[in-house]
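**Student:** Below is the file final-v7.txt, which contains compact mmCIF, C-alpha atoms and all ligand atoms.
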# COMPACT_ATOMS: atom_id res chain seq x y z
CA MET A 1 0.00 0.00 0.00
CA ASN A 2 2.76 2.37 1.11
CA PHE A 3 4.55 1.44 -2.02
CA ILE A 4 1.60 2.52 -4.16
CA LEU A 5 1.12 5.78 -2.23
CA ASN A 6 4.78 6.59 -2.79
CA ASP A 7 4.31 6.12 -6.48
CA VAL A 8 1.29 8.41 -6.51
CA TYR A 9 3.25 11.09 -4.64
CA ASN A 10 6.14 10.74 -7.06
CA TYR A 11 3.76 11.06 -9.97
CA LEU A 12 2.09 14.16 -8.51
CA TYR A 13 5.51 15.70 -7.81
CA PHE A 14 6.53 15.04 -11.41
CA CYS A 15 3.33 16.74 -12.63
CA LEU A 16 3.99 19.73 -10.40
CA VAL A 17 7.54 20.14 -11.72
CA LYS A 18 6.29 19.83 -15.26
CA ALA A 19 3.53 22.38 -14.65
CA VAL A 20 6.02 24.85 -13.17
CA TYR A 21 8.35 24.27 -16.13
CA ILE A 22 5.59 24.81 -18.68
CA THR A 23 4.31 27.91 -16.87
CA THR A 24 7.83 29.35 -16.80
CA MET A 25 8.28 28.72 -20.54
CA VAL A 26 4.91 30.24 -21.35
CA CYS A 27 5.76 33.29 -19.25
CA ALA A 28 9.18 33.62 -20.92
CA VAL A 29 7.65 33.49 -24.39
CA ALA A 30 4.95 35.94 -23.30
CA VAL A 31 7.63 38.33 -22.04
CA LEU A 32 9.56 38.06 -25.30
CA VAL A 33 6.43 38.64 -27.32
CA SER A 34 5.39 41.57 -25.15
CA PHE A 35 8.79 43.12 -25.83
CA SER A 36 8.94 42.46 -29.52
CA VAL A 37 5.40 43.49 -30.47
CA PRO A 38 5.58 47.08 -29.27
CA ASN A 39 9.09 47.23 -30.70
CA GLU A 40 7.76 46.42 -34.12
CA GLU A 41 5.03 48.97 -33.72
CA ASN A 42 7.51 51.58 -32.60
CA GLU A 43 9.92 50.94 -35.47
CA LYS A 44 9.56 54.15 -37.38
CA LEU A 45 8.14 53.81 -40.87
CA THR A 46 10.44 55.64 -43.28
CA LYS A 47 9.99 56.96 -46.84
CA GLU A 48 12.29 54.15 -48.00
CA LYS A 49 10.19 51.41 -46.33
CA LEU A 50 6.97 52.92 -47.63
CA GLY A 51 8.48 53.13 -51.12
CA GLU A 52 9.53 49.49 -50.88
CA MET A 53 5.99 48.40 -49.96
CA LEU A 54 4.62 50.32 -52.95
CA PHE A 55 7.28 48.95 -55.32
CA PHE A 56 6.13 45.40 -54.61
CA ASP A 57 2.37 46.15 -54.47
CA PRO A 58 0.15 45.54 -57.55
CA ILE A 59 -2.33 48.12 -56.19
CA LEU A 60 -0.71 50.59 -58.60
CA SER A 61 -1.87 48.69 -61.72
CA GLU A 62 -5.26 48.79 -63.43
CA ASP A 63 -6.28 45.20 -62.60
CA TYR A 64 -4.13 44.73 -59.48
CA SER A 65 -1.91 42.27 -61.37
CA ILE A 66 1.40 44.07 -61.94
CA SER A 67 3.80 45.76 -59.54
CA CYS A 68 7.05 47.56 -60.33
CA ALA A 69 8.80 44.36 -59.23
CA SER A 70 6.97 42.28 -61.89
CA CYS A 71 9.39 43.80 -64.41
CA HIS A 72 12.19 45.02 -62.16
CA LYS A 73 12.89 41.63 -60.55
CA PRO A 74 14.99 41.84 -57.39
CA GLU A 75 16.90 38.60 -58.09
CA PHE A 76 18.11 39.96 -61.47
CA ALA A 77 19.37 43.28 -60.09
CA PHE A 78 15.88 44.74 -60.58
CA ALA A 79 15.90 44.11 -64.35
CA ASP A 80 13.90 41.60 -66.41
CA THR A 81 14.99 38.40 -68.14
CA SER A 82 12.91 38.82 -71.29
CA ALA A 83 13.53 41.30 -74.08
CA PHE A 84 10.18 42.99 -73.49
CA SER A 85 8.30 42.85 -70.19
CA VAL A 86 4.66 41.92 -69.84
CA GLY A 87 2.31 44.61 -68.53
CA VAL A 88 -1.42 44.51 -67.73
CA HIS A 89 -3.58 42.25 -69.97
CA GLY A 90 -0.43 40.58 -71.27
CA ARG A 91 0.61 43.72 -73.18
CA LEU A 92 4.21 43.93 -74.33
CA GLY A 93 6.36 47.05 -74.30
CA ASN A 94 8.93 47.86 -76.98
CA ARG A 95 12.01 48.51 -74.86
CA ASN A 96 14.03 46.29 -72.56
CA THR A 97 13.58 46.80 -68.81
CA PRO A 98 16.77 48.29 -67.39
CA SER A 99 18.03 47.63 -63.88
CA ALA A 100 16.45 49.96 -61.31
CA MET A 101 19.65 49.71 -59.24
CA ASN A 102 22.41 52.33 -59.03
CA VAL A 103 20.07 54.97 -60.38
CA ALA A 104 20.56 57.49 -57.54
CA SER A 105 23.22 59.49 -59.42
CA ARG A 106 21.65 59.37 -62.90
CA ASP A 107 21.10 62.69 -64.70
CA ALA A 108 18.24 61.30 -66.78
CA LEU A 109 16.05 58.20 -66.70
CA PHE A 110 14.71 55.90 -69.44
CA TRP A 111 16.63 54.81 -72.54
CA ASP A 112 15.76 58.14 -74.17
CA GLY A 113 16.26 60.22 -71.02
CA ARG A 114 12.72 61.58 -71.01
CA ALA A 115 12.50 61.78 -67.18
CA ALA A 116 14.83 64.05 -65.24
CA THR A 117 14.31 62.71 -61.71
CA LEU A 118 13.46 59.38 -60.12
CA ALA A 119 10.31 60.83 -58.58
CA GLU A 120 9.11 62.00 -62.00
CA GLN A 121 10.16 58.70 -63.61
CA ALA A 122 8.22 56.58 -61.10
CA LEU A 123 4.85 57.97 -62.19
CA GLY A 124 5.54 57.05 -65.86
CA PRO A 125 5.03 53.26 -65.63
CA ILE A 126 1.88 53.63 -63.51
CA GLU A 127 0.11 55.52 -66.33
CA ASN A 128 1.80 53.74 -69.25
CA PRO A 129 -0.91 51.75 -71.13
CA VAL A 130 1.43 48.79 -71.77
CA GLU A 131 2.75 48.72 -68.21
CA MET A 132 0.39 49.41 -65.29
CA ASN A 133 -2.24 51.48 -67.14
CA LEU A 134 -3.65 53.33 -64.15
CA PRO A 135 -4.30 57.10 -64.31
CA ILE A 136 -2.38 58.80 -61.49
CA LYS A 137 -5.62 60.32 -60.18
CA GLU A 138 -7.06 56.83 -59.82
CA ALA A 139 -3.86 55.55 -58.18
CA ILE A 140 -4.00 58.35 -55.60
CA SER A 141 -7.66 57.72 -54.80
CA ARG A 142 -6.98 53.98 -54.40
CA LEU A 143 -4.16 54.70 -51.98
CA ASN A 144 -6.40 57.09 -50.07
CA SER A 145 -8.97 54.38 -49.48
CA SER A 146 -6.44 51.75 -48.39
CA LYS A 147 -4.06 51.11 -45.49
CA TYR A 148 -1.61 53.45 -47.26
CA LYS A 149 -3.56 56.56 -46.27
CA GLU A 150 -2.42 56.33 -42.64
CA LEU A 151 1.08 55.22 -43.61
CA PHE A 152 1.59 58.31 -45.81
CA ILE A 153 0.25 60.54 -43.03
CA GLU A 154 2.71 58.90 -40.63
CA VAL A 155 5.68 59.50 -42.95
CA TYR A 156 4.79 62.74 -44.77
CA GLY A 157 2.24 64.31 -42.45
CA SER A 158 -0.20 64.33 -45.37
CA ALA A 159 -2.40 61.91 -47.31
CA PRO A 160 -1.09 60.23 -50.50
CA ASP A 161 -0.70 62.57 -53.48
CA LYS A 162 1.29 62.64 -56.71
CA GLU A 163 4.35 64.23 -55.10
CA ASN A 164 4.75 61.99 -52.06
CA LEU A 165 3.98 58.86 -54.11
CA GLY A 166 6.86 59.67 -56.48
CA ASP A 167 9.03 60.70 -53.56
CA ALA A 168 8.51 57.42 -51.65
CA LEU A 169 9.27 55.24 -54.70
CA ALA A 170 12.37 57.32 -55.44
CA ALA A 171 13.54 57.06 -51.82
CA PHE A 172 13.37 53.27 -52.03
CA GLU A 173 15.23 53.18 -55.36
CA GLU A 174 17.97 55.36 -53.90
CA THR A 175 18.73 52.57 -51.41
CA LEU A 176 19.50 50.14 -54.26
CA GLU A 177 23.18 51.03 -54.67
CA THR A 178 25.63 48.14 -55.10
CA SER A 179 29.34 48.44 -54.42
CA ASP A 180 30.31 45.03 -52.96
CA THR A 181 32.05 43.91 -56.12
CA PRO A 182 35.49 42.49 -56.97
CA ASN A 183 36.17 45.63 -59.06
CA ASP A 184 35.40 47.99 -56.14
CA ARG A 185 37.55 45.92 -53.76
CA TRP A 186 40.37 45.89 -56.32
CA LEU A 187 40.16 49.68 -56.65
CA ASN A 188 40.25 50.08 -52.85
CA ASP A 189 43.12 47.61 -52.42
CA GLU A 190 40.92 45.36 -50.31
CA PRO A 191 41.01 41.55 -50.20
CA GLY A 192 38.65 39.71 -52.59
CA GLY A 193 39.48 41.85 -55.60
CA MET A 194 39.80 40.80 -59.22
CA THR A 195 41.49 37.77 -60.74
CA ALA A 196 44.47 38.21 -63.06
CA GLN A 197 42.14 37.57 -66.02
CA GLN A 198 39.72 40.25 -64.84
CA GLU A 199 42.61 42.72 -64.49
CA ARG A 200 43.61 41.99 -68.08
CA GLY A 201 39.97 42.47 -69.09
CA ARG A 202 39.93 45.85 -67.37
CA GLU A 203 42.86 47.00 -69.50
CA ILE A 204 41.02 45.95 -72.66
CA PHE A 205 37.92 47.75 -71.40
CA ARG A 206 40.03 50.88 -70.85
CA VAL A 207 42.26 50.90 -73.90
CA LYS A 208 41.83 48.57 -76.88
CA GLY A 209 38.04 48.19 -76.48
CA LYS A 210 37.49 51.94 -75.90
CA CYS A 211 34.59 50.99 -73.62
CA PHE A 212 35.74 53.40 -70.94
CA GLU A 213 35.18 56.35 -73.30
CA CYS A 214 31.45 55.96 -72.73
CA HIS A 215 31.12 53.63 -69.73
CA PHE A 216 33.16 55.31 -67.01
CA THR A 217 33.26 55.00 -63.25
CA PRO A 218 31.76 54.87 -60.66
CA ASP A 219 28.68 53.36 -62.32
CA PHE A 220 30.23 52.86 -65.78
CA THR A 221 28.17 55.51 -67.50
CA GLY A 222 28.85 59.17 -68.20
CA ASP A 223 25.07 59.71 -68.47
CA GLU A 224 25.44 60.76 -72.09
CA PHE A 225 23.34 59.77 -75.10
CA ARG A 226 25.33 57.93 -77.75
CA ASN A 227 24.71 55.90 -80.87
CA ILE A 228 26.44 52.52 -81.07
CA GLY A 229 24.74 51.71 -84.36
CA LEU A 230 21.49 49.96 -83.48
CA PHE A 231 19.37 52.22 -85.68
CA ASN A 232 18.95 51.94 -89.44
CA GLY A 233 15.36 53.14 -89.77
CA ARG A 234 14.27 49.65 -90.89
CA GLU A 235 14.45 46.57 -88.67
CA TYR A 236 16.19 48.73 -86.07
CA ASN A 237 13.67 51.56 -86.01
CA ASP A 238 13.67 53.03 -82.48
CA SER A 239 15.15 56.50 -82.92
CA GLY A 240 15.85 56.80 -79.15
CA ARG A 241 16.71 60.25 -77.83
CA TYR A 242 15.47 61.83 -81.07
CA SER A 243 11.88 60.94 -80.14
CA VAL A 244 12.22 63.33 -77.17
CA THR A 245 14.34 66.19 -78.58
CA HIS A 246 13.53 66.00 -82.34
CA ASN A 247 17.10 67.11 -82.88
CA PRO A 248 18.49 65.22 -85.92
CA GLU A 249 21.81 64.81 -84.10
CA ASP A 250 20.04 62.61 -81.57
CA ILE A 251 18.84 60.01 -84.07
CA GLY A 252 19.75 56.54 -82.76
CA ASN A 253 21.18 57.94 -79.53
CA PHE A 254 20.42 56.04 -76.34
CA LYS A 255 21.37 56.64 -72.73
CA VAL A 256 24.65 54.89 -72.04
CA PRO A 257 23.55 52.25 -69.52
CA GLY A 258 25.51 51.76 -66.32
CA LEU A 259 27.23 48.38 -66.21
CA ARG A 260 27.03 47.44 -62.53
CA ASN A 261 25.55 43.90 -62.23
CA VAL A 262 25.42 43.67 -66.03
CA ALA A 263 26.22 39.93 -65.83
CA VAL A 264 22.76 39.30 -64.29
CA THR A 265 20.65 41.68 -66.39
CA ALA A 266 20.50 39.89 -69.78
CA PRO A 267 19.15 40.39 -72.40
CA TYR A 268 20.91 43.59 -73.44
CA MET A 269 20.44 46.89 -75.30
CA HIS A 270 17.34 49.11 -75.54
CA ASP A 271 15.57 46.40 -77.56
CA GLY A 272 16.84 43.41 -75.59
CA SER A 273 18.21 42.06 -78.88
CA MET A 274 21.48 40.67 -77.51
CA LYS A 275 21.15 37.63 -75.30
CA THR A 276 24.61 37.27 -73.77
CA LEU A 277 27.61 39.40 -72.85
CA ARG A 278 29.58 37.47 -75.43
CA GLU A 279 27.09 38.58 -78.10
CA VAL A 280 27.56 42.20 -76.95
CA ILE A 281 31.35 41.88 -77.13
CA ASP A 282 31.20 40.28 -80.59
CA TYR A 283 29.02 43.19 -81.69
CA TYR A 284 31.45 45.86 -80.48
CA ASP A 285 34.27 43.90 -82.10
CA GLN A 286 32.63 44.00 -85.57
CA PRO A 287 29.59 46.33 -85.46
CA HIS A 288 29.28 46.41 -89.25
CA THR A 289 28.62 42.69 -89.48
CA LEU A 290 25.29 42.90 -87.61
CA VAL A 291 24.04 46.29 -88.85
CA PRO A 292 25.92 47.29 -92.02
CA ASP A 293 23.61 50.22 -92.79
CA ALA A 294 23.47 51.83 -89.31
CA LEU A 295 22.79 55.56 -89.39
CA THR A 296 25.18 57.97 -87.63
CA ARG A 297 27.05 55.28 -85.69
CA ASP A 298 29.51 56.83 -83.22
CA SER A 299 32.98 57.44 -84.64
CA LEU A 300 34.48 55.40 -81.76
CA LEU A 301 32.94 52.35 -83.42
CA ARG A 302 34.07 53.17 -86.95
CA GLU A 303 36.86 50.58 -87.06
CA PRO A 304 36.52 46.95 -85.93
CA LEU A 305 38.32 46.31 -82.62
CA ASN A 306 39.84 43.03 -83.86
CA LEU A 307 39.96 41.49 -80.39
CA THR A 308 41.52 38.04 -80.10
CA GLU A 309 39.54 35.14 -78.60
CA GLN A 310 41.56 35.51 -75.37
CA GLU A 311 40.88 39.25 -75.22
CA LYS A 312 37.15 38.68 -75.64
CA GLN A 313 37.17 36.19 -72.77
CA ASP A 314 39.17 38.53 -70.56
CA LEU A 315 36.82 41.42 -71.30
CA GLU A 316 33.82 39.26 -70.41
CA ALA A 317 35.52 38.16 -67.18
CA PHE A 318 35.98 41.84 -66.27
CA LEU A 319 32.28 42.54 -66.81
CA HIS A 320 31.58 39.76 -64.28
CA ALA A 321 33.74 41.62 -61.74
CA LEU A 322 31.05 44.34 -61.63
CA THR A 323 28.52 41.99 -59.98
CA ASP A 324 27.55 42.72 -56.40
CA ASP A 325 28.16 39.81 -53.96
CA ARG A 326 24.44 39.42 -53.31
CA PHE A 327 23.91 38.25 -56.90
CA VAL A 328 26.79 35.79 -57.00
CA LYS A 329 25.49 32.23 -56.77
CA LYS A 330 27.38 30.38 -54.08
C1 LIG B 1 5.64 46.27 -67.48
C2 LIG B 1 7.01 46.38 -67.03
C3 LIG B 1 7.40 47.52 -66.11
C4 LIG B 1 6.79 47.93 -64.94
C5 LIG B 1 5.52 47.39 -64.32
C6 LIG B 1 7.61 49.00 -64.42
N1 LIG B 1 8.69 49.21 -65.22
FE1 LIG B 1 10.20 50.50 -64.88
N2 LIG B 1 10.86 50.23 -66.76
C7 LIG B 1 10.35 49.33 -67.67
C8 LIG B 1 10.90 49.58 -68.98
C9 LIG B 1 10.58 48.79 -70.26
C10 LIG B 1 11.76 50.69 -68.85
C11 LIG B 1 12.52 51.40 -69.98
C12 LIG B 1 11.53 52.21 -70.76
C13 LIG B 1 12.14 53.24 -71.66
O1 LIG B 1 13.32 53.54 -71.52
O2 LIG B 1 11.42 53.80 -72.51
C14 LIG B 1 11.72 51.06 -67.42
C15 LIG B 1 12.50 52.06 -66.85
C16 LIG B 1 12.56 52.30 -65.48
C17 LIG B 1 13.56 53.11 -64.82
C18 LIG B 1 14.70 53.86 -65.50
C19 LIG B 1 16.02 53.22 -65.31
C20 LIG B 1 17.10 53.93 -66.09
O3 LIG B 1 18.27 53.60 -65.89
O4 LIG B 1 16.81 54.82 -66.91
C21 LIG B 1 13.26 53.11 -63.48
C22 LIG B 1 14.01 53.81 -62.37
C23 LIG B 1 12.04 52.33 -63.31
N3 LIG B 1 11.67 51.83 -64.56
C24 LIG B 1 11.34 52.19 -62.14
C25 LIG B 1 10.03 51.66 -62.09
C26 LIG B 1 9.09 51.86 -60.99
C27 LIG B 1 9.34 52.66 -59.74
C28 LIG B 1 7.96 51.16 -61.33
C29 LIG B 1 6.65 51.06 -60.55
C30 LIG B 1 5.96 52.29 -60.27
C31 LIG B 1 8.21 50.54 -62.62
N4 LIG B 1 9.46 50.89 -63.06
C32 LIG B 1 7.31 49.69 -63.25
C33 LIG B 1 9.45 48.31 -67.37
C34 LIG B 1 8.59 48.35 -66.29
C1 LIG B 2 30.20 55.38 -78.04
C2 LIG B 2 29.92 55.04 -76.68
C3 LIG B 2 30.06 53.60 -76.26
C4 LIG B 2 31.17 52.78 -76.34
C5 LIG B 2 32.53 53.11 -76.91
C6 LIG B 2 30.82 51.52 -75.73
N1 LIG B 2 29.53 51.57 -75.32
FE1 LIG B 2 28.49 50.05 -74.45
N2 LIG B 2 26.75 51.09 -74.67
C7 LIG B 2 26.65 52.39 -75.15
C8 LIG B 2 25.25 52.69 -75.39
C9 LIG B 2 24.69 54.01 -75.91
C10 LIG B 2 24.54 51.52 -75.09
C11 LIG B 2 23.03 51.31 -75.27
C12 LIG B 2 22.81 51.13 -76.77
C13 LIG B 2 21.42 50.72 -77.20
O1 LIG B 2 20.66 50.17 -76.41
O2 LIG B 2 21.11 50.94 -78.39
C14 LIG B 2 25.51 50.54 -74.61
C15 LIG B 2 25.20 49.28 -74.13
C16 LIG B 2 26.11 48.38 -73.60
C17 LIG B 2 25.78 47.16 -72.93
C18 LIG B 2 24.36 46.65 -72.66
C19 LIG B 2 23.93 47.04 -71.28
C20 LIG B 2 22.49 46.76 -70.98
O3 LIG B 2 22.12 46.89 -69.81
O4 LIG B 2 21.71 46.45 -71.88
C21 LIG B 2 26.96 46.56 -72.55
C22 LIG B 2 27.13 45.25 -71.81
C23 LIG B 2 28.02 47.41 -73.02
N3 LIG B 2 27.47 48.52 -73.65
C24 LIG B 2 29.38 47.14 -72.87
C25 LIG B 2 30.36 47.82 -73.59
C26 LIG B 2 31.69 47.32 -73.79
C27 LIG B 2 32.22 46.03 -73.23
C28 LIG B 2 32.34 48.23 -74.58
C29 LIG B 2 33.71 48.17 -75.13
C30 LIG B 2 34.00 47.02 -76.00
C31 LIG B 2 31.39 49.31 -74.84
N4 LIG B 2 30.20 49.00 -74.23
C32 LIG B 2 31.66 50.43 -75.59
C33 LIG B 2 27.71 53.24 -75.41
C34 LIG B 2 29.02 52.80 -75.64
Would you give me this structure, written as structure tokens?
Ligand code: HEC
Ligand code: HEC
**Tutor:**
Amino acid sequence: MNFILNDVYNYLYFCLVKAVYITTMVCAVAVLVSFSVPNEENEKLTKEKLGEMLFFDPILSEDYSISCASCHKPEFAFADTSAFSVGVHGRLGNRNTPSAMNVASRDALFWDGRAATLAEQALGPIENPVEMNLPIKEAISRLNSSKYKELFIEVYGSAPDKENLGDALAAFEETLETSDTPNDRWLNDEPGGMTAQQERGREIFRVKGKCFECHFTPDFTGDEFRNIGLFNGREYNDSGRYSVTHNPEDIGNFKVPGLRNVAVTAPYMHDGSMKTLREVIDYYDQPHTLVPDALTRDSLLREPLNLTEQEKQDLEAFLHALTDDRFVKK
């Protein structure tokens, strides 16, 4: 009998210990939660965070199907993998989606430079019929009858309007700068710089290839409009900068694109017509082969470069040294 009683006591004691243990754990978790919840609430919402939410939110498209990130895909340095991106109702544009990274210092936006600031640029795709196709007025009224109304008031002290919408998207884009690259480390004499092949490629980029004349540091663009010969008025019929200025000197001129992360932003050029970096290099080597009748091609591209196979490979290796660590597959 005593024996059995003992067992019962032991069992009850075990239950008690377990109950105390569980209560302690529950309390600990509750304490953690009680700390973290108000913390999250107190974390100040910034323009950048608000802009990020908007960038990924299809609320800014006619049928709630497309966000900025549908075309500017984060995993491809905020560019797209197809020549022309798909907008609302499956509509296709006629220019390749450039990277929305490293745009903070640009003098002009779009391939033809028709927007002067990021805030102005950001409203373009919302209204563009082949992109998001939503009148700005409608976008603002949608935001005003959504959770965003309070968020804008919190950040800007006023309800959503054209100005603060553009400002928030621009603020987010300005955070997308990438400088963790082998080329930057090499320039700063830090460990993890370029390979010997990439160093050779850099010399070709600078001298024999003449690339540096148009693509110079820090983002490998001088923000000029130049004509590399992808306009002949026939199968290559996008006149580029000319469509904005109507100055005959601008026929076939396009904004020199920055080259940071270029290894992950294929396809290339304003029309997405070149699929690989090798194709781009072969073009610069012999521009006349692809487009013999190009109009007003830049004089820098008058003569073929006559790069050797090794030089082409070195040049391509250098272009890979402009990729930020976050896009390098481990
Ligand atoms: C349907 C695809 C699509 C959507 C959606 C889209 N874009 Fe774009 N974006 C493009 C294309 C195509 C271009 C180039 C157009 C041109 O140059 O005429 C571009 C250009 C840009 C540029 C200029 C980059 C440069 O170097 O000149 C920025 C910045 C940008 N978009 C940001 C945005 C933002 C912000 C949104 C959302 C409000 C957005 N895009 C929505 C396709 C898209
Ligand atoms: C005369 C100025 C000029 C020179 C020289 C030049 N580029 Fe370009 N580059 C441009 C312009 C302008 C474009 C866009 C052309 C277009 O879309 O029609 C471009 C586009 C590119 C692109 C495509 C980028 C993208 O995002 O689509 C790459 C890659 C590139 N150049 C690399 C080079 C290399 C490598 C060299 C040297 C062999 C070079 N460039 C020489 C002006 C130049």
**Student:** Could you list, as a ChimeraX atom specification, all protein and nucleic acid residues with an atom at most 8 Å from ligand LIG 2 (chain B), counting only C-alpha atoms and all ligand atoms?
**Tutor:** /A:96,98-99,111,204-205,209-215,224-231,240,252-259,262,265-272,277,280-281,284-285,298-301,305,315-316,319
**Student:** Interatomic distance between CA of Leu295 (chain A) and CA of Arg234 (chain A)?
**Tutor:**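 Going from CA of Leu295 (chain A) over to CA of Arg234 (chain A), I get 10.5 Å.
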**Student:** Show me a table, sorted first by chain and then by increasing residue number, of the residues of chain A having an atom at most 6 Å from ligand LIG 1 (chain B), each with its shortest atom pair and the distance in Å to one decimal, counting all atoms listed in the file and written as CSV.
**Tutor:**
residue,atom,partner,partner_atom,distance
A:Phe55,CA,B:LIG1,C29,5.7
A:Ile66,CA,B:LIG1,C5,5.8
A:Ser67,CA,B:LIG1,C5,5.3
A:Cys68,CA,B:LIG1,C29,3.5
A:Ser70,CA,B:LIG1,C5,5.8
A:Cys71,CA,B:LIG1,C2,4.4
A:Ser85,CA,B:LIG1,C2,4.9
A:Val86,CA,B:LIG1,C1,5.0
A:Gly87,CA,B:LIG1,C1,3.9
A:Arg95,CA,B:LIG1,C9,4.8
A:Asn96,CA,B:LIG1,C9,4.8
A:Thr97,CA,B:LIG1,C8,3.9
A:Pro98,CA,B:LIG1,C19,5.4
A:Ala100,CA,B:LIG1,C22,4.7
A:Val103,CA,B:LIG1,O3,6.0
A:Leu109,CA,B:LIG1,O4,3.5
A:Phe110,CA,B:LIG1,O1,3.4
A:Trp111,CA,B:LIG1,O1,3.7
A:Asp112,CA,B:LIG1,O1,5.8
A:Ala122,CA,B:LIG1,C27,4.3
A:Pro125,CA,B:LIG1,C32,4.9
A:Ile126,CA,B:LIG1,C30,5.4
A:Glu131,CA,B:LIG1,C1,3.9
A:Met132,CA,B:LIG1,C5,5.6
A:Leu169,CA,B:LIG1,C27,5.7
**Student:** Around all listed atoms of region 260-271 of chain A, padded 3 Å per side, what centre and edge lengths does the axis-aligned box have in Å to one decimal, as AutoDock Vina command-line options?
**Tutor:**
--center_x 21.3 --center_y 44.2 --center_z -69.9 --size_x 17.5 --size_y 15.8 --size_z 21.3
**Student:** Of the residues A:Ser239, A:Ser141, A:Gln310, A:Ser179, which is the one nearest to Leu165 (chain A), using all atoms listed in the file?
**Tutor:**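 Closest to Leu165 (chain A) of all the choices is A:Ser141.
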**Student:** I'd like to know which of A:Arg326, A:Lys149, A:Lys162, A:His89 is closest to Pro74 (chain A), using only C-alpha atoms.
**Tutor:**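 Using only C-alpha atoms, Pro74 (chain A) sits closest to A:Arg326.
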**Student:** Name the closest residue to Asn261 (chain A) among the candidates A:Tyr242, A:Trp186, A:Phe84, A:Phe327; distances are taken between atoms, counting all atoms listed in the file.
**Tutor:** A:Phe327
**Student:** For Ala196 (chain A), find every residue with an atom within 12 Å (counting all atoms listed in the file), except residues of its own chain fewer than 3 positions away, and show them as a list in words.
**Tutor:**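 The residues that qualify are Pro182, Asn183, Trp186, Gly193, Glu199, Arg200, Gly201, Arg202, Glu203, Asp314, Leu315, Ala317, Phe318 and Ala321 of chain A.
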**Student:** Work out how far CA of Pro135 (chain A) is from CA of Ala108 (chain A), in Å to one decimal.
**Tutor:**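 If I compute the distance from CA of Ala108 (chain A) to CA of Pro135 (chain A), I get 23.1 Å.
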**Student:** Considering all atoms listed in the file, can you say which of A:Leu290, A:Val328, A:Ile153, A:Ala139 comes closest to Leu50 (chain A)?
**Tutor:**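 Of the candidates, the smallest distance to Leu50 (chain A) is held by A:Ile153.
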**Student:** Using all atoms listed in the file, can you tell me which of A:Ser145, A:Thr217, A:Asn247, A:Thr195 comes closest to Ile59 (chain A)?
**Tutor:**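 Once distances to Ile59 (chain A) are computed over all atoms listed in the file, the minimum belongs to A:Ser145.
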**Student:** Write out as number ranges by chain each polymer residue whose atoms come within 9 Å of Lys49 (chain A), counting all atoms listed in the file; drop sequence neighbours fewer than 3 positions from it.
**Tutor:** A: 45-46, 52-54, 168, 171-172
**Student:** Between CA of Tyr156 (chain A) and CA of Glu177 (chain A), what is the distance in Å, rounded to a tenth?
**Tutor:**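 Going from CA of Tyr156 (chain A) over to CA of Glu177 (chain A) covers 23.9 Å.
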**Student:** Which one of A:Val207, A:Ala263, A:Leu134, A:Val291 sits closest to Glu311 (chain A) if you count all atoms listed in the file?
**Tutor:**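 Ranked by minimum distance to Glu311 (chain A), first place goes to A:Val207.
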**Student:** Taking the structure I provided as the source, export region 121-151 of chain A with C-alpha atoms, as a tab-separated table (two decimals), in the first residue's frame.
**Tutor:**
chain	number	residue	atom	x	y	z
A	121	GLN	CA	10.16	58.70	-63.61
A	122	ALA	CA	8.22	56.58	-61.10
A	123	LEU	CA	4.85	57.97	-62.19
A	124	GLY	CA	5.54	57.05	-65.86
A	125	PRO	CA	5.03	53.26	-65.63
A	126	ILE	CA	1.88	53.63	-63.51
A	127	GLU	CA	0.11	55.52	-66.33
A	128	ASN	CA	1.80	53.74	-69.25
A	129	PRO	CA	-0.91	51.75	-71.13
A	130	VAL	CA	1.43	48.79	-71.77
A	131	GLU	CA	2.75	48.72	-68.21
A	132	MET	CA	0.39	49.41	-65.29
A	133	ASN	CA	-2.24	51.48	-67.14
A	134	LEU	CA	-3.65	53.33	-64.15
A	135	PRO	CA	-4.30	57.10	-64.31
A	136	ILE	CA	-2.38	58.80	-61.49
A	137	LYS	CA	-5.62	60.32	-60.18
A	138	GLU	CA	-7.06	56.83	-59.82
A	139	ALA	CA	-3.86	55.55	-58.18
A	140	ILE	CA	-4.00	58.35	-55.60
A	141	SER	CA	-7.66	57.72	-54.80
A	142	ARG	CA	-6.98	53.98	-54.40
A	143	LEU	CA	-4.16	54.70	-51.98
A	144	ASN	CA	-6.40	57.09	-50.07
A	145	SER	CA	-8.97	54.38	-49.48
A	146	SER	CA	-6.44	51.75	-48.39
A	147	LYS	CA	-4.06	51.11	-45.49
A	148	TYR	CA	-1.61	53.45	-47.26
A	149	LYS	CA	-3.56	56.56	-46.27
A	150	GLU	CA	-2.42	56.33	-42.64
A	151	LEU	CA	1.08	55.22	-43.61
